[in-house]
file query-v1.txt (compact mmCIF, C-alpha atoms and all ligand atoms)
# COMPACT_ATOMS: atom_id res chain seq x y z
CA MET A 747 7.47 36.36 -34.78
CA SER A 748 10.23 34.01 -33.67
CA GLN A 749 9.67 30.60 -32.16
CA PHE A 750 10.49 32.01 -28.73
CA ASP A 751 7.76 34.62 -29.04
CA TYR A 752 5.26 31.86 -29.77
CA ILE A 753 6.44 29.89 -26.75
CA LYS A 754 6.10 32.95 -24.53
CA ASP A 755 2.55 33.52 -25.74
CA ILE A 756 1.68 29.84 -25.26
CA ALA A 757 2.96 29.97 -21.67
CA LYS A 758 1.06 33.18 -21.01
CA TYR A 759 -2.29 32.10 -22.42
CA GLY A 760 -1.94 28.60 -20.99
CA LEU A 761 -1.37 29.92 -17.49
CA GLU A 762 -4.16 32.43 -17.86
CA ASN A 763 -6.40 29.61 -19.01
CA ASP A 764 -7.35 31.66 -22.04
CA GLN A 765 -8.39 28.89 -24.38
CA GLU A 766 -9.25 31.00 -27.34
CA LYS A 767 -5.94 32.85 -27.54
CA LEU A 768 -4.01 29.67 -26.75
CA LEU A 769 -5.58 27.88 -29.69
CA ALA A 770 -4.97 30.86 -31.97
CA VAL A 771 -1.28 31.08 -31.10
CA LEU A 772 -0.84 27.31 -31.44
CA ASN A 773 -2.38 27.44 -34.89
CA GLU A 774 -0.06 30.31 -35.78
CA LEU A 775 2.92 28.29 -34.59
CA ILE A 776 1.83 25.33 -36.70
CA GLU A 777 1.64 27.58 -39.76
CA HIS A 778 5.00 29.16 -38.90
CA SER A 779 6.59 25.70 -38.55
CA LYS A 780 5.24 24.58 -41.88
CA ASN A 781 6.59 27.75 -43.53
CA THR A 782 10.01 27.28 -41.97
CA LYS A 783 10.14 23.65 -43.13
CA LYS A 784 9.77 22.12 -39.68
CA LEU A 785 7.16 19.81 -41.08
CA ASN A 786 7.51 17.02 -38.53
CA PHE A 787 7.13 19.41 -35.66
CA ALA A 788 4.10 21.00 -37.28
CA ILE A 789 2.41 17.63 -37.75
CA GLN A 790 3.12 16.57 -34.18
CA LEU A 791 1.77 19.83 -32.81
CA GLN A 792 -1.31 19.54 -34.97
CA SER A 793 -2.06 16.07 -33.68
CA ILE A 794 -1.63 17.18 -30.04
CA LEU A 795 -4.06 19.96 -30.74
CA LYS A 796 -6.60 17.67 -32.37
CA ASP A 797 -6.40 15.17 -29.50
CA SER A 798 -6.96 17.85 -26.96
CA ILE A 799 -9.93 19.32 -28.84
CA ARG A 800 -11.45 15.87 -29.06
CA GLN A 801 -11.02 15.36 -25.31
CA GLN A 802 -12.43 18.75 -24.50
CA GLN A 803 -15.59 18.01 -26.38
CA GLU A 804 -16.11 15.26 -23.85
CA LYS A 805 -14.80 17.21 -20.82
CA PRO A 806 -14.51 20.99 -21.07
CA MET A 807 -11.38 22.67 -19.72
CA LEU A 808 -11.96 23.91 -16.21
CA LYS A 809 -11.96 27.61 -15.48
CA VAL A 810 -10.08 28.70 -12.38
CA GLY A 811 -12.63 29.55 -9.71
CA SER A 812 -15.43 27.43 -11.16
CA PRO A 813 -17.04 24.79 -8.88
CA GLY A 814 -15.31 22.13 -10.97
CA HIS A 815 -11.96 23.79 -10.36
CA PHE A 816 -12.49 23.74 -6.62
CA GLN A 817 -13.50 20.11 -6.80
CA ARG A 818 -10.24 19.37 -8.58
CA LEU A 819 -8.24 21.27 -5.98
CA ASP A 820 -10.02 19.24 -3.33
CA GLU A 821 -9.09 16.02 -5.13
CA ARG A 822 -5.45 17.09 -5.30
CA GLU A 823 -5.52 17.75 -1.55
CA VAL A 824 -6.92 14.28 -0.91
CA ASP A 825 -4.24 12.79 -3.13
CA GLU A 826 -1.61 14.23 -0.81
CA LEU A 827 -3.17 12.26 2.03
CA ILE A 828 -2.68 9.02 0.13
CA LEU A 829 0.65 7.26 0.21
CA GLU A 830 -0.23 4.73 -2.44
CA LYS A 831 -3.19 3.52 -4.40
CA LEU A 832 -2.67 -0.06 -5.40
CA THR A 833 -4.14 -3.25 -6.69
CA SER A 834 -2.63 -6.50 -5.52
CA ASP A 835 -1.88 -9.92 -6.92
CA TYR A 836 -1.34 -11.50 -3.51
CA SER A 837 -3.49 -14.40 -2.37
CA PHE A 838 -3.72 -16.57 0.72
CA GLU A 839 -0.98 -18.74 -0.71
CA ASN A 840 1.51 -15.95 -0.06
CA LEU A 841 0.72 -15.75 3.63
CA VAL A 842 2.12 -18.18 6.20
CA GLY A 843 0.35 -18.34 9.53
CA THR A 844 -1.70 -20.40 11.90
CA ASP A 845 -4.89 -22.00 10.65
CA LYS A 846 -6.77 -19.68 12.97
CA ILE A 847 -5.38 -16.53 11.38
CA LYS A 848 -5.94 -17.82 7.91
CA SER A 849 -9.48 -18.96 8.55
CA GLU A 850 -10.40 -15.66 10.23
CA LEU A 851 -9.08 -13.69 7.28
CA ASP A 852 -10.74 -16.10 4.90
CA TYR A 853 -14.12 -15.57 6.58
CA PHE A 854 -13.61 -11.83 6.39
CA VAL A 855 -12.98 -12.05 2.64
CA ARG A 856 -15.90 -14.42 2.20
CA GLU A 857 -18.32 -12.03 3.87
CA HIS A 858 -17.60 -9.52 1.13
CA MET A 859 -17.77 -12.09 -1.61
CA SER A 860 -21.12 -13.30 -0.28
CA ALA A 861 -22.48 -9.88 0.67
CA ASP A 862 -25.73 -10.45 -1.21
CA LEU A 863 -26.43 -13.67 0.64
CA LEU A 864 -25.82 -12.09 4.05
CA GLN A 865 -27.88 -9.04 3.18
CA LYS A 866 -30.78 -11.30 2.21
CA TYR A 867 -30.82 -12.40 5.82
CA GLY A 868 -30.51 -8.81 6.99
CA LEU A 869 -27.09 -9.50 8.45
CA PRO A 870 -24.36 -6.86 8.68
CA ILE A 871 -21.08 -7.41 6.85
CA ALA A 872 -17.87 -7.23 8.84
CA ASN A 873 -15.82 -4.44 7.30
CA LYS A 874 -13.48 -3.11 9.96
CA LEU A 875 -10.41 -5.19 10.50
CA LEU A 876 -7.57 -4.66 12.94
CA LEU A 877 -4.27 -6.45 12.38
CA HIS A 878 -1.84 -6.34 15.25
CA GLY A 879 1.36 -8.00 16.40
CA PRO A 880 5.11 -7.62 16.14
CA SER A 881 6.93 -6.12 13.18
CA GLY A 882 7.61 -8.30 10.14
CA CYS A 883 4.93 -10.90 10.86
CA GLY A 884 2.58 -10.22 7.97
CA LYS A 885 0.19 -7.41 8.85
CA THR A 886 0.85 -5.35 5.75
CA LEU A 887 1.11 -8.52 3.71
CA ALA A 888 -2.31 -9.63 5.00
CA SER A 889 -3.82 -6.35 3.82
CA TYR A 890 -2.40 -6.99 0.34
CA VAL A 891 -3.80 -10.52 0.44
CA ILE A 892 -7.27 -9.20 1.23
CA ALA A 893 -7.04 -6.59 -1.54
CA GLY A 894 -5.82 -9.30 -3.94
CA GLU A 895 -8.45 -11.86 -2.98
CA LEU A 896 -11.25 -9.31 -3.27
CA LYS A 897 -9.69 -7.71 -6.37
CA LYS A 898 -10.31 -4.30 -4.88
CA MET A 899 -8.24 -1.15 -5.10
CA MET A 900 -6.56 -0.23 -1.83
CA ILE A 901 -5.72 3.25 -0.61
CA VAL A 902 -2.73 3.34 1.74
CA VAL A 903 -3.21 6.33 3.98
CA ASN A 904 -0.26 8.69 4.40
CA LEU A 905 -0.30 9.17 8.15
CA GLY A 906 2.44 11.78 8.07
CA ALA A 907 0.19 13.96 5.94
CA ILE A 908 -3.05 13.12 7.76
CA VAL A 909 -1.86 14.01 11.23
CA SER A 910 -1.72 17.76 11.45
CA SER A 911 -0.79 20.13 14.22
CA LYS A 912 -3.58 22.45 13.10
CA LEU A 913 -6.61 22.19 15.30
CA GLY A 914 -9.33 20.03 13.78
CA GLU A 915 -7.31 19.39 10.62
CA THR A 916 -6.54 15.71 11.35
CA SER A 917 -10.25 14.96 11.69
CA LYS A 918 -11.01 16.77 8.45
CA ASN A 919 -8.28 14.87 6.63
CA LEU A 920 -9.59 11.56 7.88
CA ALA A 921 -13.09 12.42 6.76
CA LYS A 922 -11.77 13.30 3.30
CA ILE A 923 -10.05 9.94 2.93
CA PHE A 924 -13.12 8.01 4.06
CA ARG A 925 -15.28 9.96 1.64
CA LYS A 926 -12.95 9.22 -1.25
CA ALA A 927 -12.72 5.52 -0.40
CA ALA A 928 -16.50 5.22 -0.22
CA ALA A 929 -16.94 7.05 -3.53
CA GLU A 930 -14.37 4.91 -5.30
CA ASP A 931 -15.25 1.68 -3.53
CA CYS A 932 -11.71 1.00 -2.27
CA ILE A 933 -10.20 -0.54 0.79
CA ILE A 934 -8.65 1.97 3.21
CA PHE A 935 -5.43 0.80 4.83
CA ILE A 936 -4.17 2.73 7.84
CA ASP A 937 -0.79 1.48 8.98
CA GLU A 938 0.57 2.45 12.40
CA PHE A 939 -2.97 3.10 13.51
CA ASP A 940 -1.74 3.77 17.05
CA SER A 941 0.00 6.93 15.95
CA LEU A 942 -3.34 8.62 15.46
CA GLY A 943 -3.30 8.69 19.24
CA LYS A 944 -0.11 10.68 19.17
CA VAL A 945 -1.80 13.82 17.96
CA ARG A 946 -1.49 14.88 21.56
CA ASP A 947 2.27 15.25 21.14
CA TYR A 948 1.83 17.72 18.31
CA SER A 949 -0.68 20.07 19.79
CA GLN A 950 -0.30 19.54 23.52
CA ASP A 951 -4.06 19.55 23.42
CA HIS A 952 -5.81 16.52 24.82
CA GLY A 953 -9.07 17.78 23.40
CA GLU A 954 -7.61 17.41 19.93
CA MET A 955 -6.84 13.76 20.48
CA LYS A 956 -10.33 13.16 21.79
CA ARG A 957 -11.68 14.87 18.72
CA VAL A 958 -9.66 12.61 16.44
CA VAL A 959 -10.86 9.50 18.26
CA ASN A 960 -14.44 10.76 18.10
CA THR A 961 -14.09 11.43 14.40
CA ILE A 962 -12.80 7.92 13.80
CA LEU A 963 -15.67 6.50 15.84
CA GLN A 964 -18.14 8.43 13.72
CA LEU A 965 -16.44 7.48 10.47
CA PHE A 966 -16.49 3.85 11.56
CA ASP A 967 -20.16 4.02 12.44
CA TYR A 968 -21.08 5.52 9.09
CA LEU A 969 -18.75 3.40 7.00
CA PRO A 970 -20.86 1.98 4.15
CA GLN A 971 -21.22 -1.80 4.19
CA SER A 972 -19.36 -2.19 0.93
CA SER A 973 -16.33 -0.22 2.17
CA ILE A 974 -13.51 -1.93 4.02
CA LEU A 975 -11.18 -0.45 6.57
CA ILE A 976 -8.01 -2.25 7.56
CA ALA A 977 -5.88 -0.86 10.37
CA ALA A 978 -2.53 -2.24 11.49
CA THR A 979 -0.45 -1.63 14.57
CA ASN A 980 2.27 -3.17 16.66
CA GLN A 981 1.18 -1.21 19.70
CA VAL A 982 -2.37 -2.30 20.19
CA ASP A 983 -2.43 -1.12 23.82
CA MET A 984 -2.00 2.47 22.64
CA ILE A 985 -5.41 2.39 21.00
CA ASP A 986 -8.45 3.78 22.71
CA ASN A 987 -10.78 1.06 24.02
CA ALA A 988 -13.86 2.56 22.43
CA LEU A 989 -12.06 2.34 19.10
CA LEU A 990 -10.87 -1.21 19.67
CA ARG A 991 -14.43 -2.30 20.30
CA ARG A 992 -15.57 -0.91 16.94
CA PHE A 993 -13.47 -3.35 14.91
CA ASP A 994 -15.48 -6.31 13.63
CA LEU A 995 -12.44 -8.51 13.63
CA SER A 996 -9.12 -8.25 15.39
CA VAL A 997 -6.37 -10.61 14.25
CA THR A 998 -3.22 -11.20 16.27
CA PHE A 999 -0.01 -11.94 14.40
CA SER A 1000 2.92 -13.56 16.20
CA LEU A 1001 6.48 -14.67 15.56
CA PRO A 1002 6.54 -17.91 13.56
CA SER A 1003 6.42 -21.30 15.27
CA PRO A 1004 8.78 -24.04 13.97
CA GLU A 1005 5.98 -25.31 11.74
CA GLU A 1006 5.52 -21.85 10.27
CA VAL A 1007 9.26 -21.37 9.71
CA LYS A 1008 9.10 -24.59 7.71
CA ASP A 1009 6.16 -23.29 5.66
CA LEU A 1010 8.01 -20.03 5.11
CA LEU A 1011 11.08 -21.93 3.94
CA ASN A 1012 8.99 -23.89 1.48
CA LEU A 1013 7.32 -20.77 0.22
CA THR A 1014 10.61 -18.92 -0.18
CA LEU A 1015 12.40 -21.90 -1.74
CA LYS A 1016 9.62 -21.97 -4.32
CA ASP A 1017 8.87 -25.62 -3.62
CA GLY A 1018 12.13 -27.08 -4.82
CA GLN A 1019 13.57 -24.51 -7.19
CA TYR A 1020 16.23 -23.95 -4.54
CA LYS A 1021 17.58 -26.78 -2.39
CA PHE A 1022 19.81 -27.06 0.64
CA ASP A 1023 23.22 -28.67 0.46
CA ARG A 1024 22.52 -31.08 3.30
CA PRO A 1025 19.53 -33.17 4.36
CA LYS A 1026 19.16 -31.89 7.95
CA ALA A 1027 19.38 -28.23 6.89
CA VAL A 1028 15.69 -27.44 7.40
CA ALA A 1029 15.71 -28.65 11.01
CA GLU A 1030 18.92 -26.72 11.69
CA ILE A 1031 17.55 -23.52 10.22
CA ILE A 1032 14.26 -23.87 12.11
CA ALA A 1033 16.15 -24.18 15.38
CA ALA A 1034 18.48 -21.28 14.55
CA ALA A 1035 15.68 -18.95 13.45
CA LYS A 1036 13.82 -19.06 16.74
CA GLY A 1037 12.85 -15.57 17.88
CA LEU A 1038 13.12 -13.95 14.44
CA SER A 1039 10.20 -12.56 12.49
CA TYR A 1040 9.03 -13.91 9.15
CA TYR A 1041 10.54 -10.87 7.52
CA SER A 1042 13.99 -11.39 9.04
CA ILE A 1043 14.02 -15.08 8.24
CA GLN A 1044 12.92 -14.50 4.68
CA LYS A 1045 15.51 -11.78 4.25
CA THR A 1046 18.35 -14.11 5.30
CA ILE A 1047 17.12 -16.90 3.02
CA VAL A 1048 16.90 -14.59 0.05
CA THR A 1049 20.40 -13.26 0.75
CA ALA A 1050 21.73 -16.82 1.04
CA ILE A 1051 20.04 -17.77 -2.25
CA LYS A 1052 21.57 -14.79 -4.04
CA ARG A 1053 25.05 -15.53 -2.73
CA SER A 1054 24.67 -19.18 -3.67
CA ILE A 1055 23.68 -18.12 -7.19
CA PHE A 1056 26.84 -16.00 -7.42
CA GLU A 1057 28.84 -19.01 -6.28
CA LEU A 1058 27.27 -21.21 -8.97
CA ASP A 1059 27.96 -18.54 -11.54
CA ARG A 1060 31.58 -18.29 -10.45
CA LYS A 1061 31.97 -22.04 -10.84
CA LYS A 1062 30.18 -21.89 -14.22
CA SER A 1063 27.87 -24.59 -12.90
CA ARG A 1064 25.10 -25.95 -15.11
CA ALA A 1065 23.00 -27.30 -12.25
CA LEU A 1066 19.22 -27.31 -12.76
CA TYR A 1067 18.54 -25.87 -9.34
CA VAL A 1068 20.39 -23.62 -6.93
CA THR A 1069 22.02 -25.30 -3.96
CA ILE A 1070 21.93 -23.17 -0.85
CA ASN A 1071 24.93 -23.21 1.40
CA THR A 1072 23.41 -24.02 4.81
CA ASP A 1073 26.42 -22.79 6.78
CA LEU A 1074 26.15 -19.46 5.04
CA LEU A 1075 22.44 -19.22 5.86
CA ALA A 1076 23.09 -20.17 9.50
CA ASP A 1077 25.72 -17.41 9.66
CA LEU A 1078 23.35 -14.85 8.20
CA ILE A 1079 20.71 -15.87 10.73
CA GLU A 1080 23.17 -15.40 13.59
CA GLN A 1081 24.12 -11.97 12.24
CA GLU A 1082 20.48 -10.98 11.98
CA LYS A 1083 19.82 -12.11 15.53
CA LYS A 1084 22.80 -10.17 16.78
CA ALA A 1085 21.71 -7.06 14.89
CA LEU A 1086 18.25 -7.31 16.42
CA SER A 1087 19.55 -8.47 19.82
CA VAL A 1088 17.41 -11.59 19.72
CA MET A 1089 18.37 -13.75 22.71
CA ALA A 1090 19.85 -17.14 21.94
CA SER A 1091 17.63 -19.83 23.38
N1 LIG B 1 3.16 -14.38 7.74
C1 LIG B 1 3.96 -14.20 6.69
N2 LIG B 1 3.94 -15.06 5.66
C2 LIG B 1 4.77 -14.92 4.61
N3 LIG B 1 5.65 -13.90 4.49
C3 LIG B 1 5.71 -13.00 5.47
C4 LIG B 1 4.87 -13.09 6.63
N4 LIG B 1 5.15 -12.06 7.43
C5 LIG B 1 6.09 -11.34 6.83
N5 LIG B 1 6.43 -11.89 5.66
C6 LIG B 1 7.44 -11.35 4.72
O1 LIG B 1 8.00 -10.18 5.30
C7 LIG B 1 7.62 -9.02 4.56
C8 LIG B 1 7.28 -7.90 5.52
O2 LIG B 1 6.13 -8.25 6.27
P1 LIG B 1 4.97 -7.20 6.60
O3 LIG B 1 5.29 -5.90 5.93
O4 LIG B 1 3.66 -7.80 6.30
O5 LIG B 1 5.17 -7.04 8.17
P2 LIG B 1 4.34 -6.17 9.19
O6 LIG B 1 3.73 -7.09 10.17
O7 LIG B 1 3.43 -5.28 8.44
O8 LIG B 1 5.51 -5.34 9.91
P3 LIG B 1 5.54 -3.83 10.45
O9 LIG B 1 4.85 -3.86 11.78
O10 LIG B 1 6.99 -3.55 10.60
O11 LIG B 1 4.85 -2.98 9.45
C9 LIG B 1 6.46 -9.46 3.72
O12 LIG B 1 6.37 -8.70 2.54
C10 LIG B 1 6.79 -10.92 3.43
O13 LIG B 1 7.74 -11.02 2.40
MG MG B 2 3.46 -3.23 8.08

call {"tool": "encode", "arguments": {"input": "query-v1.txt", "output": "structure tokens", "more": "lines below"}}
Ligand SMILES: Nc1ncnc2c1ncn2[C@@H]1O[C@H](COP(=O)(O)OP(=O)(O)OP(=O)(O)O)[C@@H](O)[C@H]1O
Ligand SMILES: [Mg+2]
result
Amino acid sequence: MSQFDYIKDIAKYGLENDQEKLLAVLNELIEHSKNTKKLNFAIQLQSILKDSIRQQQEKPMLKVGSPGHFQRLDEREVDELILEKLTSDYSFENLVGTDKIKSELDYFVREHMSADLLQKYGLPIANKLLLHGPSGCGKTLASYVIAGELKKMMIVVNLGAIVSSKLGETSKNLAKIFRKAAAEDCIIFIDEFDSLGKVRDYSQDHGEMKRVVNTILQLFDYLPQSSILIAATNQVDMIDNALLRRFDLSVTFSLPSPEEVKDLLNLTLKDGQYKFDRPKAVAEIIAAAKGLSYYSIQKTIVTAIKRSIFELDRKKSRALYVTINTDLLADLIEQEKKALSVMAS
């Protein structure tokens, strides 16, 4: 038999899930390789085989059609509903905001850290959080902060895959995600939560939207105390009132105040690693940045830092810190405002 014949047999038996024949043909190939002086290949193949046998002794290979096989298929389907599964290193230090926002989020985190204490008093633990406000003001970031502070895995729901035009499918998908999150003790993050209300557009069936809202209400009501659901939206008025009421905490994010722009500057300038080229720069930038989101402001600062680094490099400077060209940053801010049509004030 040639090497190709072995490969054909391996493909065949592998796809048919015929373990016995697969092992036999692999062993034959190992022998064949040894005989044809492909010793390295033979050894590698042998070690793959040994590893797999060792693993199988712990977890037998699944037969197509067995209950285990269906469970795996089910898991794969759930995986498609998940955009990302992540752990986070973010902490409250990464988030700029009012004291009110920070203390509300801090209490939320603390409830989970002190769950035992609260349960001793028979008190429920807040676990459904709604983050709302304009784009680029820290809603997604806040969810990462919570995941990081609690050191919990977070599942980011893939809304595009969850929302289905098939009747009843959206509800089923949601239930699957909630089940998985409860089983794996993760945080569920649903971004653009309002778009769950847009199911109506897909099916032209108002009943379907009602069904989705009802499903979410039920899922909320039966959410285990240790599970956490975070939803974010910049269109809070699109969300059904009954749903809004179910959130334990609703946090409003807003565009940064001058004080917050200053905090954001400090955070982004890494407390002195980067400095401005003139003393009044911070006040100038704060005034210029009015009306922009945290995201836009940070983006312009980072761009200005990068261009200033290029400038230093061009001049072969040996400075210990990067000096940011304030005029350049002011220009970038103006461009950003123009691009976003932010009114000058
Ligand atoms: N409050 C904030 N503090 C510090 N950085 C922020 C803040 N808000 C936004 N940023 C910066 O902007 C980035 C984008 O923000 P984020 O994704 O959290 O916005 P969002 O509110 O979720 O916006 P969208 O509604 O568009 O999803 C963050 O990763 C962070 O770098
Ligand atoms: Mg976001």

call {"tool": "atom_distance", "arguments": {"input": "query-v1.txt", "atom1": "atom CA of Leu1078 of chain A", "atom2": "atom CA of Tyr1040 of chain A"}}
result
14.4 Å

call {"tool": "closest_atom_pairs", "arguments": {"input": "query-v1.txt", "of": "chain A", "to": "ligand LIG 1 (chain B)", "cutoff": "10 Å", "atoms": "only C-alpha atoms and all ligand atoms", "output": "JSON lines"}}
result
{"residue": "A:Phe838", "atom": "CA", "partner": "B:LIG1", "partner_atom": "N2", "distance": 9.2}
{"residue": "A:Glu839", "atom": "CA", "partner": "B:LIG1", "partner_atom": "C2", "distance": 8.7}
{"residue": "A:Asn840", "atom": "CA", "partner": "B:LIG1", "partner_atom": "C2", "distance": 5.8}
{"residue": "A:Leu841", "atom": "CA", "partner": "B:LIG1", "partner_atom": "N2", "distance": 3.9}
{"residue": "A:Val842", "atom": "CA", "partner": "B:LIG1", "partner_atom": "N2", "distance": 3.7}
{"residue": "A:Gly843", "atom": "CA", "partner": "B:LIG1", "partner_atom": "N1", "distance": 5.2}
{"residue": "A:Thr844", "atom": "CA", "partner": "B:LIG1", "partner_atom": "N1", "distance": 8.8}
{"residue": "A:Ile847", "atom": "CA", "partner": "B:LIG1", "partner_atom": "N1", "distance": 9.5}
{"residue": "A:Lys848", "atom": "CA", "partner": "B:LIG1", "partner_atom": "N1", "distance": 9.7}
{"residue": "A:Leu877", "atom": "CA", "partner": "B:LIG1", "partner_atom": "O6", "distance": 8.3}
{"residue": "A:His878", "atom": "CA", "partner": "B:LIG1", "partner_atom": "O6", "distance": 7.6}
{"residue": "A:Gly879", "atom": "CA", "partner": "B:LIG1", "partner_atom": "O6", "distance": 6.7}
{"residue": "A:Pro880", "atom": "CA", "partner": "B:LIG1", "partner_atom": "O9", "distance": 5.8}
{"residue": "A:Ser881", "atom": "CA", "partner": "B:LIG1", "partner_atom": "O9", "distance": 3.4}
{"residue": "A:Gly882", "atom": "CA", "partner": "B:LIG1", "partner_atom": "O5", "distance": 3.4}
{"residue": "A:Cys883", "atom": "CA", "partner": "B:LIG1", "partner_atom": "N4", "distance": 3.6}
{"residue": "A:Gly884", "atom": "CA", "partner": "B:LIG1", "partner_atom": "O4", "distance": 3.1}
{"residue": "A:Lys885", "atom": "CA", "partner": "B:LIG1", "partner_atom": "O6", "distance": 3.8}
{"residue": "A:Thr886", "atom": "CA", "partner": "B:LIG1", "partner_atom": "O7", "distance": 3.7}
{"residue": "A:Leu887", "atom": "CA", "partner": "B:LIG1", "partner_atom": "O4", "distance": 3.7}
{"residue": "A:Ala888", "atom": "CA", "partner": "B:LIG1", "partner_atom": "O4", "distance": 6.4}
{"residue": "A:Ser889", "atom": "CA", "partner": "B:LIG1", "partner_atom": "O4", "distance": 8.0}
{"residue": "A:Tyr890", "atom": "CA", "partner": "B:LIG1", "partner_atom": "O4", "distance": 8.5}
{"residue": "A:Val891", "atom": "CA", "partner": "B:LIG1", "partner_atom": "O4", "distance": 9.9}
{"residue": "A:Asp937", "atom": "CA", "partner": "B:LIG1", "partner_atom": "O11", "distance": 7.2}
{"residue": "A:Glu938", "atom": "CA", "partner": "B:LIG1", "partner_atom": "O11", "distance": 7.5}
{"residue": "A:Ala978", "atom": "CA", "partner": "B:LIG1", "partner_atom": "O7", "distance": 7.4}
{"residue": "A:Thr979", "atom": "CA", "partner": "B:LIG1", "partner_atom": "O9", "distance": 6.4}
{"residue": "A:Asn980", "atom": "CA", "partner": "B:LIG1", "partner_atom": "O9", "distance": 5.6}
{"residue": "A:Gln981", "atom": "CA", "partner": "B:LIG1", "partner_atom": "O9", "distance": 9.1}
{"residue": "A:Phe999", "atom": "CA", "partner": "B:LIG1", "partner_atom": "O6", "distance": 7.4}
{"residue": "A:Ser1000", "atom": "CA", "partner": "B:LIG1", "partner_atom": "N1", "distance": 8.5}
{"residue": "A:Leu1001", "atom": "CA", "partner": "B:LIG1", "partner_atom": "N1", "distance": 8.5}
{"residue": "A:Pro1002", "atom": "CA", "partner": "B:LIG1", "partner_atom": "N1", "distance": 7.6}
{"residue": "A:Glu1006", "atom": "CA", "partner": "B:LIG1", "partner_atom": "N1", "distance": 8.2}
{"residue": "A:Val1007", "atom": "CA", "partner": "B:LIG1", "partner_atom": "N2", "distance": 9.2}
{"residue": "A:Asp1009", "atom": "CA", "partner": "B:LIG1", "partner_atom": "N2", "distance": 8.5}
{"residue": "A:Leu1010", "atom": "CA", "partner": "B:LIG1", "partner_atom": "C2", "distance": 6.1}
{"residue": "A:Leu1011", "atom": "CA", "partner": "B:LIG1", "partner_atom": "C2", "distance": 9.5}
{"residue": "A:Leu1013", "atom": "CA", "partner": "B:LIG1", "partner_atom": "C2", "distance": 7.7}
{"residue": "A:Thr1014", "atom": "CA", "partner": "B:LIG1", "partner_atom": "N3", "distance": 8.5}
{"residue": "A:Ser1039", "atom": "CA", "partner": "B:LIG1", "partner_atom": "C5", "distance": 7.1}
{"residue": "A:Tyr1040", "atom": "CA", "partner": "B:LIG1", "partner_atom": "C5", "distance": 4.5}
{"residue": "A:Tyr1041", "atom": "CA", "partner": "B:LIG1", "partner_atom": "O1", "distance": 3.4}
{"residue": "A:Ser1042", "atom": "CA", "partner": "B:LIG1", "partner_atom": "O1", "distance": 7.2}
{"residue": "A:Ile1043", "atom": "CA", "partner": "B:LIG1", "partner_atom": "O1", "distance": 8.3}
{"residue": "A:Gln1044", "atom": "CA", "partner": "B:LIG1", "partner_atom": "C6", "distance": 6.3}
{"residue": "A:Lys1045", "atom": "CA", "partner": "B:LIG1", "partner_atom": "O1", "distance": 7.8}

call {"tool": "atom_distance", "arguments": {"input": "query-v1.txt", "atom1": "atom CA of Ile892 of chain A", "atom2": "atom CA of Ser837 of chain A"}}
result
7.4 Å

call {"tool": "atom_distance", "arguments": {"input": "query-v1.txt", "atom1": "atom CA of Ala929 of chain A", "atom2": "atom CA of Val909 of chain A"}}
result
22.2 Å

call {"tool": "residues_around", "arguments": {"input": "query-v1.txt", "residues": "Arg1053 of chain A", "least_positions_apart": "2", "cutoff": "12 Å", "atoms": "all atoms listed in the file", "output": "list in words"}}
result
Thr1046, Ile1047, Val1048, Thr1049, Ala1050, Ile1051, Ile1055, Phe1056, Glu1057, Leu1058, Asp1059, Arg1060, Val1068, Thr1069, Ile1070, Asn1071, Thr1072, Leu1074, Leu1075 and Leu1078 of chain A

call {"tool": "residues_around", "arguments": {"input": "query-v1.txt", "residues": "Met747 of chain A", "least_positions_apart": "2", "cutoff": "12 Å", "atoms": "only C-alpha atoms", "output": "list in words"}}
result
Gln749, Phe750, Asp751, Tyr752, Ile753, Lys754, Asp755, Val771, Glu774, Leu775, Glu777, His778, Ser779 and Thr782 of chain A

call {"tool": "closest_residue", "arguments": {"input": "query-v1.txt", "among": "A:Gln1081, A:Ser910, A:Ser917, A:Ser1054", "to": "Asp1023 of chain A", "atoms": "all atoms listed in the file"}}
result
A:Ser1054

call {"tool": "residues_around", "arguments": {"input": "query-v1.txt", "residues": "Ser972 of chain A", "least_positions_apart": "2", "cutoff": "10 Å", "atoms": "all atoms listed in the file", "output": "PyMOL selection string"}}
result
chain A and resi 858+861+871-873+928+931-933+969-970+974

call {"tool": "closest_residue", "arguments": {"input": "query-v1.txt", "among": "A:Ile936, A:Met900, A:Ala1029, A:Val997", "to": "ligand MG 2 (chain B)", "atoms": "all atoms listed in the file"}}
result
A:Ile936

call {"tool": "axis_aligned_box", "arguments": {"input": "query-v1.txt", "around": "segment 986-993 of chain A", "padding_each_side": "6 Å", "output": "lines of an AutoDock Vina configuration file"}}
result
center_x = -12.0
center_y = 0.2
center_z = 19.5
size_x = 19.1
size_y = 19.1
size_z = 21.1

call {"tool": "closest_residue", "arguments": {"input": "query-v1.txt", "among": "A:Tyr836, A:Phe993, A:Tyr968, A:Phe939", "to": "ligand MG 2 (chain B)", "atoms": "all atoms listed in the file"}}
result
A:Phe939

call {"tool": "closest_residue", "arguments": {"input": "query-v1.txt", "among": "A:Asp994, A:Asp764, A:Asp825, A:Glu1005", "to": "Ala907 of chain A", "atoms": "only C-alpha atoms"}}
result
A:Asp825

call {"tool": "closest_residue", "arguments": {"input": "query-v1.txt", "among": "A:Leu995, A:Ile756, A:Val824, A:Leu990", "to": "Val855 of chain A", "atoms": "all atoms listed in the file"}}
result
A:Leu995

call {"tool": "closest_residue", "arguments": {"input": "query-v1.txt", "among": "A:Ile976, A:Val1028, A:Leu768, A:Ala921", "to": "ligand MG 2 (chain B)", "atoms": "all atoms listed in the file"}}
result
A:Ile976
